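File shown here: data_31.txt, holding compact mmCIF, C-alpha atoms.
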# COMPACT_ATOMS: atom_id res chain seq x y z
CA MET D 1 -27.48 -17.06 8.13
CA THR D 2 -25.88 -14.52 5.81
CA ALA D 3 -23.57 -17.06 4.24
CA ILE D 4 -26.50 -19.39 3.54
CA ASN D 5 -28.75 -16.77 1.94
CA ALA D 6 -26.06 -14.84 0.05
CA PRO D 7 -26.02 -15.13 -3.75
CA ARG D 8 -22.93 -16.50 -5.48
CA ASP D 9 -20.20 -14.25 -6.82
CA ARG D 10 -20.78 -15.31 -10.44
CA TYR D 11 -17.57 -15.72 -12.43
CA HIS D 12 -15.77 -14.24 -9.41
CA ALA D 13 -16.60 -10.83 -10.87
CA VAL D 14 -16.60 -8.98 -7.54
CA TRP D 15 -13.30 -10.63 -6.56
CA ILE D 16 -11.75 -9.54 -9.88
CA ILE D 17 -13.05 -5.97 -9.48
CA PHE D 18 -11.49 -5.69 -6.02
CA PHE D 19 -8.24 -7.07 -7.49
CA ILE D 20 -8.25 -4.35 -10.18
CA LEU D 21 -9.05 -1.68 -7.61
CA GLY D 22 -6.18 -2.93 -5.43
CA LEU D 23 -3.89 -2.73 -8.45
CA GLY D 24 -5.07 0.83 -9.05
CA THR D 25 -4.25 1.97 -5.51
CA LEU D 26 -0.50 1.18 -5.60
CA LEU D 27 0.36 1.19 -9.30
CA PRO D 28 0.64 5.02 -9.47
CA TRP D 29 3.17 5.22 -6.64
CA ASN D 30 5.14 2.23 -7.94
CA PHE D 31 5.39 3.82 -11.37
CA PHE D 32 6.66 7.04 -9.84
CA MET D 33 9.35 5.11 -7.96
CA THR D 34 10.28 3.17 -11.10
CA ALA D 35 10.64 6.40 -13.08
CA THR D 36 12.95 8.14 -10.58
CA ALA D 37 15.82 7.81 -13.08
CA TYR D 38 13.75 9.84 -15.57
CA PHE D 39 12.93 12.52 -12.99
CA THR D 40 16.53 12.91 -11.83
CA SER D 41 17.79 12.94 -15.44
CA ARG D 42 15.80 16.11 -16.04
CA LEU D 43 17.61 17.74 -13.13
CA LYS D 44 21.15 16.98 -14.35
CA ASN D 45 23.62 19.68 -15.19
CA SER D 46 24.20 20.86 -18.74
CA THR D 47 27.53 22.15 -20.08
CA ASN D 48 26.62 25.85 -20.32
CA LEU D 49 25.70 26.47 -16.67
CA THR D 50 27.41 28.81 -14.21
CA ALA D 51 28.98 27.31 -11.09
CA SER D 52 26.09 28.43 -8.85
CA GLU D 53 23.51 26.99 -11.25
CA ALA D 54 25.40 23.70 -11.39
CA VAL D 55 25.46 23.47 -7.57
CA GLY D 56 21.73 24.19 -7.47
CA ARG D 57 20.91 21.44 -9.91
CA ASN D 58 23.16 18.99 -8.09
CA THR D 59 21.29 19.78 -4.88
CA LEU D 60 17.93 19.15 -6.55
CA GLU D 61 19.13 15.84 -7.97
CA SER D 62 20.74 14.58 -4.75
CA THR D 63 17.72 15.43 -2.58
CA PHE D 64 15.06 14.16 -4.99
CA ASN D 65 14.59 10.66 -3.53
CA ASN D 66 14.49 11.79 0.10
CA VAL D 67 12.08 14.65 -0.57
CA MET D 68 9.94 12.37 -2.77
CA THR D 69 9.61 9.86 0.09
CA LEU D 70 8.71 12.65 2.50
CA CYS D 71 6.10 14.07 0.10
CA ALA D 72 4.62 10.58 -0.26
CA MET D 73 4.53 9.31 3.32
CA VAL D 74 3.34 12.45 5.16
CA PRO D 75 0.13 13.00 3.13
CA LEU D 76 -0.45 9.24 3.01
CA LEU D 77 -0.49 9.08 6.81
CA ILE D 78 -2.46 12.32 7.31
CA PHE D 79 -5.22 11.56 4.82
CA THR D 80 -5.55 7.92 5.88
CA CYS D 81 -6.05 9.14 9.45
CA LEU D 82 -8.49 11.80 8.25
CA ASN D 83 -10.52 9.25 6.31
CA SER D 84 -10.97 7.15 9.46
CA PHE D 85 -13.02 10.00 10.93
CA ILE D 86 -14.75 11.56 7.88
CA HIS D 87 -15.71 8.43 5.96
CA GLN D 88 -19.19 8.40 7.55
CA LYS D 89 -19.83 12.01 6.43
CA ILE D 90 -18.65 11.75 2.81
CA PRO D 91 -20.32 9.15 0.56
CA GLN D 92 -18.18 6.14 -0.26
CA LYS D 93 -18.76 6.66 -4.00
CA VAL D 94 -17.38 10.21 -3.83
CA ARG D 95 -14.28 9.07 -1.95
CA ILE D 96 -13.40 6.12 -4.20
CA LEU D 97 -14.48 7.39 -7.60
CA GLY D 98 -13.22 10.90 -6.84
CA GLY D 99 -9.84 9.52 -5.81
CA LEU D 100 -9.50 7.43 -8.96
CA VAL D 101 -10.46 10.32 -11.24
CA ALA D 102 -8.04 12.69 -9.48
CA ILE D 103 -5.14 10.21 -9.81
CA PHE D 104 -6.02 9.65 -13.49
CA VAL D 105 -5.85 13.41 -14.16
CA VAL D 106 -2.49 13.74 -12.37
CA PHE D 107 -0.99 10.91 -14.44
CA LEU D 108 -2.37 12.32 -17.65
CA VAL D 109 -0.72 15.66 -16.86
CA THR D 110 2.52 13.85 -15.94
CA ALA D 111 2.54 12.05 -19.29
CA ILE D 112 2.04 15.35 -21.13
CA VAL D 113 4.82 17.05 -19.15
CA VAL D 114 7.26 14.35 -20.35
CA LYS D 115 7.11 16.01 -23.79
CA VAL D 116 7.36 19.58 -22.45
CA GLU D 117 10.60 21.38 -21.64
CA ILE D 118 10.59 22.82 -18.11
CA SER D 119 13.52 24.28 -16.20
CA PRO D 120 14.80 22.14 -13.30
CA LEU D 121 13.47 24.05 -10.27
CA PRO D 122 9.86 24.41 -11.50
CA PHE D 123 9.97 20.78 -12.68
CA TYR D 124 11.21 19.67 -9.23
CA VAL D 125 8.50 21.60 -7.38
CA PHE D 126 5.76 20.53 -9.80
CA THR D 127 6.78 16.86 -9.46
CA MET D 128 6.65 17.03 -5.66
CA ILE D 129 3.21 18.67 -5.79
CA LYS D 130 1.99 15.82 -8.01
CA ILE D 131 3.40 13.23 -5.58
CA VAL D 132 1.58 14.94 -2.70
CA PHE D 133 -1.69 14.90 -4.67
CA ILE D 134 -1.33 11.27 -5.76
CA ASN D 135 -0.62 10.02 -2.24
CA SER D 136 -3.32 12.19 -0.66
CA PHE D 137 -6.02 10.88 -2.98
CA GLY D 138 -4.42 7.42 -2.90
CA ALA D 139 -4.66 7.35 0.90
CA ILE D 140 -8.39 8.13 0.83
CA LEU D 141 -8.88 5.62 -1.98
CA GLN D 142 -6.99 2.82 -0.23
CA SER D 143 -8.61 3.43 3.16
CA SER D 144 -12.10 3.61 1.63
CA LEU D 145 -11.48 0.47 -0.41
CA PHE D 146 -10.44 -1.57 2.64
CA GLY D 147 -13.50 -0.23 4.45
CA LEU D 148 -15.72 -1.30 1.56
CA ALA D 149 -14.16 -4.77 1.46
CA GLY D 150 -14.76 -5.04 5.21
CA MET D 151 -18.50 -5.30 4.54
CA LEU D 152 -17.95 -8.45 2.47
CA PRO D 153 -16.61 -11.86 3.57
CA ALA D 154 -13.01 -11.81 4.87
CA SER D 155 -11.66 -13.36 1.67
CA TYR D 156 -12.55 -10.20 -0.28
CA THR D 157 -9.79 -8.16 1.33
CA ALA D 158 -7.28 -10.62 -0.16
CA PRO D 159 -7.78 -9.51 -3.80
CA ILE D 160 -7.01 -5.91 -2.80
CA MET D 161 -3.74 -7.00 -1.21
CA SER D 162 -2.97 -9.25 -4.17
CA GLY D 163 -3.65 -6.43 -6.63
CA GLN D 164 -1.31 -4.16 -4.70
CA GLY D 165 1.34 -6.87 -4.86
CA LEU D 166 0.94 -7.13 -8.62
CA ALA D 167 1.50 -3.36 -8.90
CA GLY D 168 5.00 -3.73 -7.50
CA THR D 169 5.73 -6.77 -9.68
CA PHE D 170 4.57 -4.95 -12.78
CA ALA D 171 6.82 -2.00 -11.94
CA ALA D 172 9.82 -4.30 -11.38
CA PHE D 173 9.27 -6.00 -14.74
CA SER D 174 9.02 -2.58 -16.37
CA MET D 175 12.37 -1.62 -14.87
CA ILE D 176 14.07 -4.75 -16.20
CA CYS D 177 12.45 -4.40 -19.63
CA ALA D 178 13.71 -0.83 -19.85
CA LEU D 179 17.24 -2.02 -19.11
CA LEU D 180 16.99 -4.76 -21.73
CA SER D 181 15.54 -2.51 -24.42
CA GLY D 182 18.05 0.27 -24.01
CA SER D 183 15.32 2.79 -24.87
CA GLU D 184 15.59 6.46 -23.95
CA LEU D 185 14.47 7.38 -20.45
CA GLN D 186 12.01 9.92 -21.81
CA ASP D 187 10.30 7.34 -24.02
CA SER D 188 10.20 4.81 -21.18
CA ALA D 189 8.71 7.36 -18.79
CA PHE D 190 6.02 8.35 -21.29
CA GLY D 191 5.11 4.67 -21.70
CA TYR D 192 5.00 4.18 -17.91
CA PHE D 193 2.60 7.05 -17.35
CA ILE D 194 0.31 6.22 -20.26
CA THR D 195 0.14 2.60 -19.04
CA ALA D 196 -0.72 3.85 -15.55
CA CYS D 197 -3.50 6.02 -17.04
CA MET D 198 -4.97 2.97 -18.78
CA VAL D 199 -4.92 0.90 -15.57
CA ILE D 200 -6.57 3.69 -13.58
CA LEU D 201 -9.20 4.04 -16.31
CA LEU D 202 -9.86 0.29 -16.05
CA ALA D 203 -10.23 0.66 -12.26
CA ILE D 204 -12.77 3.48 -12.74
CA VAL D 205 -14.87 1.37 -15.12
CA SER D 206 -14.65 -1.61 -12.74
CA TYR D 207 -15.82 0.44 -9.76
CA ILE D 208 -18.76 1.83 -11.75
CA ALA D 209 -19.77 -1.76 -12.57
CA LEU D 210 -19.47 -2.96 -8.95
CA PRO D 211 -22.91 -1.81 -7.65
CA LYS D 212 -24.58 -3.78 -10.45
CA MET D 213 -23.26 -7.06 -9.07
CA GLU D 214 -25.95 -9.01 -7.16
CA PHE D 215 -23.40 -10.45 -4.74
CA PHE D 216 -22.11 -6.98 -3.80
CA GLN D 217 -25.63 -5.52 -3.57
CA TYR D 218 -26.66 -8.22 -1.11
CA TYR D 219 -23.89 -7.50 1.39
CA LEU D 220 -24.26 -3.72 1.00
CA GLU D 221 -28.00 -3.92 1.69
CA THR D 222 -27.47 -6.34 4.57
CA ASN D 223 -25.02 -3.93 6.17
CA SER D 224 -27.41 -0.98 5.64
CA ASN D 225 -30.37 -2.88 7.09
CA ARG D 226 -28.40 -3.83 10.21
CA ALA D 227 -27.27 -0.24 10.70
CA SER D 228 -30.89 0.98 10.31
CA GLY D 229 -32.10 -1.66 12.74
CA ASP D 230 -29.53 -0.54 15.28
CA GLU D 231 -30.71 3.06 14.97
CA GLU D 232 -34.33 1.96 15.48
CA ASN D 233 -33.36 -0.01 18.60
CA LYS D 234 -31.65 3.03 20.04
CA MET D 235 -34.72 5.19 19.30
CA ASP D 236 -36.93 2.62 21.04
CA LEU D 237 -34.75 2.88 24.13
CA LEU D 238 -35.16 6.65 24.13
CA LYS D 239 -38.95 6.35 23.91
CA LYS D 240 -39.27 4.06 26.94
CA ASP D 241 -40.60 5.27 30.27
CA PRO D 242 -37.85 7.20 32.07
CA ALA D 243 -38.68 5.23 35.22
CA GLU D 244 -37.53 2.07 33.49
CA LYS D 245 -33.95 1.06 34.06
CA MET D 246 -31.76 1.60 31.01
CA PRO D 247 -29.95 -1.53 29.93
CA VAL D 248 -26.19 -1.65 30.27
CA LEU D 249 -24.51 -1.96 26.88
CA ASN D 250 -21.39 -4.00 26.51
CA ASP D 251 -18.66 -3.58 23.90
CA GLU D 252 -20.47 -5.84 21.46
CA GLU D 253 -23.63 -3.71 21.28
CA PRO D 254 -24.21 -1.11 18.60
CA ALA D 255 -24.23 2.00 20.78
CA SER D 256 -20.43 2.06 20.71
CA SER D 257 -20.23 1.54 16.95
CA SER D 258 -19.96 5.24 16.13
CA SER D 259 -16.69 5.59 18.06
CA VAL D 260 -13.47 4.94 16.17
CA PHE D 261 -11.69 4.36 19.47
CA SER D 262 -14.15 1.73 20.66
CA ILE D 263 -13.64 -0.12 17.39
CA PHE D 264 -9.87 0.15 17.77
CA ARG D 265 -10.11 -1.58 21.16
CA LYS D 266 -11.54 -4.63 19.37
CA ILE D 267 -8.95 -4.75 16.57
CA TRP D 268 -5.82 -3.34 18.20
CA VAL D 269 -3.88 -6.60 17.87
CA MET D 270 -4.48 -6.78 14.12
CA ALA D 271 -3.89 -3.03 13.70
CA LEU D 272 -0.55 -3.04 15.54
CA SER D 273 0.46 -6.25 13.76
CA VAL D 274 0.00 -4.82 10.26
CA CYS D 275 1.77 -1.66 11.40
CA PHE D 276 4.77 -3.68 12.64
CA VAL D 277 4.90 -5.77 9.45
CA PHE D 278 5.32 -2.70 7.26
CA THR D 279 7.62 -0.91 9.71
CA ILE D 280 10.13 -3.75 9.42
CA THR D 281 9.64 -4.11 5.66
CA ILE D 282 10.10 -0.45 4.75
CA GLY D 283 12.84 -0.11 7.36
CA VAL D 284 15.19 -2.31 5.32
CA PHE D 285 13.60 -2.39 1.85
CA PRO D 286 14.89 -0.72 -0.21
CA ALA D 287 17.09 1.52 1.99
CA VAL D 288 19.41 -1.33 3.06
CA THR D 289 18.70 -4.08 0.53
CA VAL D 290 19.28 -1.87 -2.54
CA ASP D 291 22.97 -1.43 -1.61
CA ALA D 292 23.77 -5.16 -1.75
CA GLN D 293 26.48 -6.17 -4.22
CA SER D 294 26.95 -9.48 -5.97
CA THR D 295 29.97 -11.55 -4.96
CA VAL D 296 29.61 -14.23 -7.65
CA ALA D 297 29.25 -12.05 -10.75
CA THR D 298 31.74 -13.10 -13.40
CA ASP D 299 30.77 -10.38 -15.84
CA ARG D 300 29.16 -6.96 -15.84
CA GLY D 301 25.83 -8.41 -16.98
CA TRP D 302 24.79 -10.09 -13.72
CA ALA D 303 26.20 -7.23 -11.67
CA THR D 304 23.93 -4.85 -13.61
CA TYR D 305 20.83 -6.98 -13.12
CA PHE D 306 21.58 -8.22 -9.59
CA ILE D 307 19.55 -5.55 -7.74
CA PRO D 308 16.69 -5.26 -10.29
CA VAL D 309 16.25 -9.06 -10.23
CA SER D 310 17.34 -10.22 -6.74
CA CYS D 311 15.98 -7.26 -4.85
CA PHE D 312 13.02 -5.70 -6.66
CA LEU D 313 11.70 -8.53 -8.83
CA VAL D 314 12.14 -11.30 -6.22
CA PHE D 315 10.60 -9.12 -3.50
CA ASN D 316 7.55 -8.14 -5.54
CA LEU D 317 6.94 -11.64 -6.91
CA MET D 318 7.13 -13.27 -3.47
CA ASP D 319 5.15 -10.47 -1.84
CA TRP D 320 2.45 -10.97 -4.46
CA ALA D 321 2.54 -14.74 -3.86
CA GLY D 322 2.12 -14.22 -0.11
CA ARG D 323 -0.79 -11.81 -0.54
CA SER D 324 -2.48 -14.11 -3.05
CA LEU D 325 -2.14 -17.22 -0.86
CA THR D 326 -4.64 -15.77 1.62
CA ALA D 327 -7.34 -16.31 -1.00
CA LEU D 328 -6.78 -20.07 -0.49
CA CYS D 329 -5.50 -20.35 3.07
CA MET D 330 -6.01 -18.23 6.20
CA TRP D 331 -3.78 -19.75 8.86
CA PRO D 332 -3.36 -18.98 11.72
CA GLY D 333 -6.87 -17.83 12.65
CA LYS D 334 -7.93 -14.32 13.63
CA ASP D 335 -7.91 -15.14 17.35
CA SER D 336 -4.68 -17.13 17.35
CA ILE D 337 -1.74 -15.83 19.42
CA LEU D 338 0.54 -17.34 16.76
CA LEU D 339 -0.22 -14.55 14.25
CA PRO D 340 1.27 -11.66 16.29
CA ILE D 341 4.17 -13.93 17.27
CA LEU D 342 4.99 -14.57 13.59
CA VAL D 343 4.76 -10.83 12.96
CA LEU D 344 7.31 -10.13 15.73
CA VAL D 345 9.65 -12.87 14.45
CA ARG D 346 10.12 -10.85 11.23
CA LEU D 347 12.36 -8.50 13.22
CA ILE D 348 15.17 -11.03 12.57
CA PHE D 349 15.36 -9.84 8.95
CA VAL D 350 16.85 -6.49 10.01
CA PRO D 351 20.20 -7.94 11.20
CA LEU D 352 20.15 -10.65 8.53
CA PHE D 353 20.17 -8.12 5.68
CA MET D 354 22.66 -5.89 7.51
CA LEU D 355 25.09 -8.83 7.62
CA CYS D 356 24.81 -9.45 3.86
CA ASN D 357 27.26 -7.90 1.39
CA ILE D 358 25.95 -4.32 1.74
CA LYS D 359 28.35 -1.67 0.45
CA PRO D 360 29.55 0.76 1.62
CA ARG D 361 29.68 -0.33 5.27
CA GLU D 362 31.52 0.92 8.34
CA TYR D 363 30.55 -1.02 11.45
CA LEU D 364 29.24 -4.55 10.85
CA PRO D 365 31.12 -7.49 9.28
CA VAL D 366 29.88 -9.37 6.21
CA VAL D 367 28.62 -12.75 7.43
CA PHE D 368 26.36 -13.84 4.53
CA GLU D 369 28.62 -13.07 1.59
CA ASN D 370 27.21 -15.36 -1.09
CA ASP D 371 24.38 -14.07 -3.32
CA GLY D 372 22.36 -17.17 -2.47
CA TRP D 373 21.95 -16.06 1.15
CA TYR D 374 20.70 -12.65 0.10
CA ILE D 375 18.16 -14.13 -2.32
CA PHE D 376 17.03 -16.72 0.26
CA PHE D 377 16.45 -14.03 2.89
CA MET D 378 14.61 -11.89 0.32
CA VAL D 379 12.25 -14.75 -0.57
CA LEU D 380 11.28 -15.35 3.08
CA PHE D 381 11.17 -11.63 3.87
CA ALA D 382 8.88 -10.77 0.95
CA PHE D 383 6.57 -13.77 1.26
CA SER D 384 6.06 -13.24 4.99
CA ASN D 385 5.37 -9.55 4.37
CA GLY D 386 2.63 -10.26 1.84
CA TYR D 387 1.04 -13.17 3.69
CA LEU D 388 1.01 -11.76 7.23
CA ALA D 389 -0.03 -8.25 6.17
CA SER D 390 -2.87 -9.67 4.08
CA LEU D 391 -4.05 -11.88 6.96
CA CYS D 392 -4.14 -8.90 9.33
CA MET D 393 -6.05 -6.75 6.84
CA CYS D 394 -8.56 -9.56 6.23
CA PHE D 395 -9.11 -10.36 9.91
CA GLY D 396 -9.32 -6.80 11.28
CA PRO D 397 -12.86 -5.97 10.02
CA LYS D 398 -14.07 -9.43 11.04
CA LYS D 399 -13.38 -8.81 14.73
CA VAL D 400 -16.15 -6.19 14.95
CA LEU D 401 -19.90 -6.09 14.35
CA PRO D 402 -20.93 -6.12 10.66
CA HIS D 403 -22.04 -2.48 10.58
CA GLU D 404 -18.68 -1.44 12.12
CA ALA D 405 -16.67 -3.24 9.44
CA GLU D 406 -16.20 -0.21 7.16
CA THR D 407 -14.80 1.89 10.00
CA ALA D 408 -12.59 -1.02 11.09
CA GLY D 409 -11.25 -1.31 7.53
CA ALA D 410 -10.43 2.40 7.52
CA VAL D 411 -8.64 2.09 10.88
CA MET D 412 -6.62 -0.88 9.58
CA ALA D 413 -5.62 1.16 6.51
CA PHE D 414 -4.44 3.95 8.80
CA PHE D 415 -2.18 1.60 10.76
CA LEU D 416 -0.86 0.16 7.49
CA SER D 417 0.11 3.70 6.45
CA LEU D 418 1.55 4.39 9.89
CA GLY D 419 3.79 1.34 9.47
CA LEU D 420 5.01 2.68 6.11
CA ALA D 421 5.81 6.07 7.65
CA LEU D 422 7.59 4.57 10.69
CA GLY D 423 9.56 2.25 8.44
CA ALA D 424 10.66 5.16 6.23
CA ALA D 425 11.87 7.04 9.33
CA LEU D 426 13.73 4.01 10.73
CA SER D 427 15.36 3.24 7.38
CA PHE D 428 17.86 6.07 7.87
CA ALA D 429 18.97 4.60 11.22
CA PHE D 430 19.12 1.02 9.91
CA ARG D 431 21.29 2.06 6.97
CA ALA D 432 23.60 4.11 9.20
CA MET D 433 24.17 1.08 11.46
CA VAL D 434 25.65 -1.10 8.68
Produce structure tokens that represent the structure in this file.
Amino acid sequence: MTAINAPRDRYHAVWIIFFILGLGTLLPWNFFMTATAYFTSRLKNSTNLTASEAVGRNTLESTFNNVMTLCAMVPLLIFTCLNSFIHQKIPQKVRILGGLVAIFVVFLVTAIVVKVEISPLPFYVFTMIKIVFINSFGAILQSSLFGLAGMLPASYTAPIMSGQGLAGTFAAFSMICALLSGSELQDSAFGYFITACMVILLAIVSYIALPKMEFFQYYLETNSNRASGDEENKMDLLKKDPAEKMPVLNDEEPASSSSVFSIFRKIWVMALSVCFVFTITIGVFPAVTVDAQSTVATDRGWATYFIPVSCFLVFNLMDWAGRSLTALCMWPGKDSILLPILVLVRLIFVPLFMLCNIKPREYLPVVFENDGWYIFFMVLFAFSNGYLASLCMCFGPKKVLPHEAETAGAVMAFFLSLGLALGAALSFAFRAMV
């Protein structure tokens, strides 16, 4: 009925807006990861330091990446979980627009700080505070965005996933371009952050334009009308004669819609699947994969570009391709047992990458020595990550009643973040096993 009466998404405008918003959710974090060389360069020792000062700066530099990951994953998980429970109390516009504006301000400040001299310890602390803020607001933004897309047809979660995939690809290209240009790290970092500000500004403008789209208005009003109708039905039940027997409500009826846990019972397969996808992905990428070394390099050139190209660029391109394919094909279906099976099969990539030419290594032999094996595994690994994760995120909100879709989307976003956090924790163990 809804599909028949719904207006067309003219010029695919709503699809494009969700793509831009998806790009805006992950671009900030990807740019921070890309610019780690700039951050650590500002923590390096200078020639006129005392021995104790030199040790202090070395400690800041050596712990930067680990502390940065911790400051990113913990607030991401906490605030995604928090949003699953508070999203019904705080207006969607406040959560999404507020998150975008906050991230824009943080990046603007970061770009300004590039040109300001700050001593290492305050710079270190200030950077970590910014990472906490970006991932806190980013968690609410991402969770709210998936919840919003859950109100639309399933195919409208795909552009969010595709936009997030493009964020990583864009960052990988930026890394390679910086290597090719030979420009100063400070200039590159300033360009990164200004570019990120422009993308976030574009996302803000796109979100402001979204409510004006007839296609979006239709589904938003349809969802609101159904929720209002459900409330009226419940009020009618309360007004009936107490002598009358109250009807027994099953899991498909609206009385359970207010409970996050009742919704989770309907989508737990999709939720755990997306969690497992990202646990495996982050468990080996980049903690294990970044230490691969080329065995066919005949000159320093390919050895220099091997990881930026074979690891980061190939991963992000194929991940983007996998996420984007769900806009054209959604196989297997949301009720198929094959989907969780394919998700579990991805566990094979953990030993496959461990047996590549990862250096240094202590325990496992090198079985797949040639670069071709590493690249082949990376293509399959990245494509399956993007495709299967996107399928799970699309199908999750479609396994519940329409007015429960926003909550289901928020729950799915939480389990996505949980997978990232679990993967980050397991990455230390996976790397130690090589």
Residue neighbourhood Asp9 in chain D, 7 Å, only C-alpha atoms, exclusion window fewer than 4 positions, as a compact mmCIF listing (two decimals) with C-alpha atoms, in the frame of the given file:
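Dumped to part31.txt:
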# COMPACT_ATOMS: atom_id res chain seq x y z
CA ALA D 13 -16.60 -10.83 -10.87
CA VAL D 14 -16.60 -8.98 -7.54
CA PHE D 215 -23.40 -10.45 -4.74
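Residue nearest Ile307 in chain D, chosen from D:Leu352, D:Met175, D:Ala432, D:Cys394 and counting all atoms listed in the file: D:Met175.
Closest approach to Leu210 in chain D among D:Val296, D:Ile20, D:Val101, D:Val113: D:Ile20, based on all atoms listed in the file.
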- request: Give the answer as one residue: which of D:Phe381, D:Phe39, D:Phe353, D:Phe428 has the shortest atom-to-atom distance to Gln186 in chain D, using only C-alpha atoms?
  value: D:Phe39
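Residues with any atom within 6 Å of range 78-92 of chain D, counting only C-alpha atoms and excluding same-chain neighbours fewer than 5 positions away, are Ser136, Ala139, Ile140, Ala410, Val411 and Phe414 of chain D.
Restricting the calculation to all atoms listed in the file, the smallest distance between Ala196 in chain D and any of D:Leu220, D:Ala421, D:Ile103, D:Tyr156 is found for D:Ile103.
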Compile the contact shell of Ser390 in chain D as a compact mmCIF listing (two decimals) with C-alpha atoms, in the frame of the given file: residues with an atom at most 7 Å away, counting only C-alpha atoms, same-chain residues fewer than 3 positions apart removed.
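Ended up saving to around20.txt:
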# COMPACT_ATOMS: atom_id res chain seq x y z
CA ALA D 158 -7.28 -10.62 -0.16
CA MET D 161 -3.74 -7.00 -1.21
CA ARG D 323 -0.79 -11.81 -0.54
CA THR D 326 -4.64 -15.77 1.62
CA GLY D 386 2.63 -10.26 1.84
CA TYR D 387 1.04 -13.17 3.69
CA MET D 393 -6.05 -6.75 6.84
CA CYS D 394 -8.56 -9.56 6.23
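In this structure, CA of Thr157 in chain D sits 24.0 Å away from CA of Cys197 in chain D.
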First collect every listed atom of range 410-414 of chain D; then fit an axis-aligned box around them, widen it by 8 Å on each side, and give centre and edge lengths in Å to one decimal, as AutoDock Vina command-line options.
--center_x -7.4 --center_y 1.5 --center_z 8.7 --size_x 22.0 --size_y 20.8 --size_z 20.4
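The closest residue to Gly165 in chain D, picked from D:Ser417, D:Asn30, D:Trp373, D:Ser427 and counting all atoms listed in the file, is D:Asn30.
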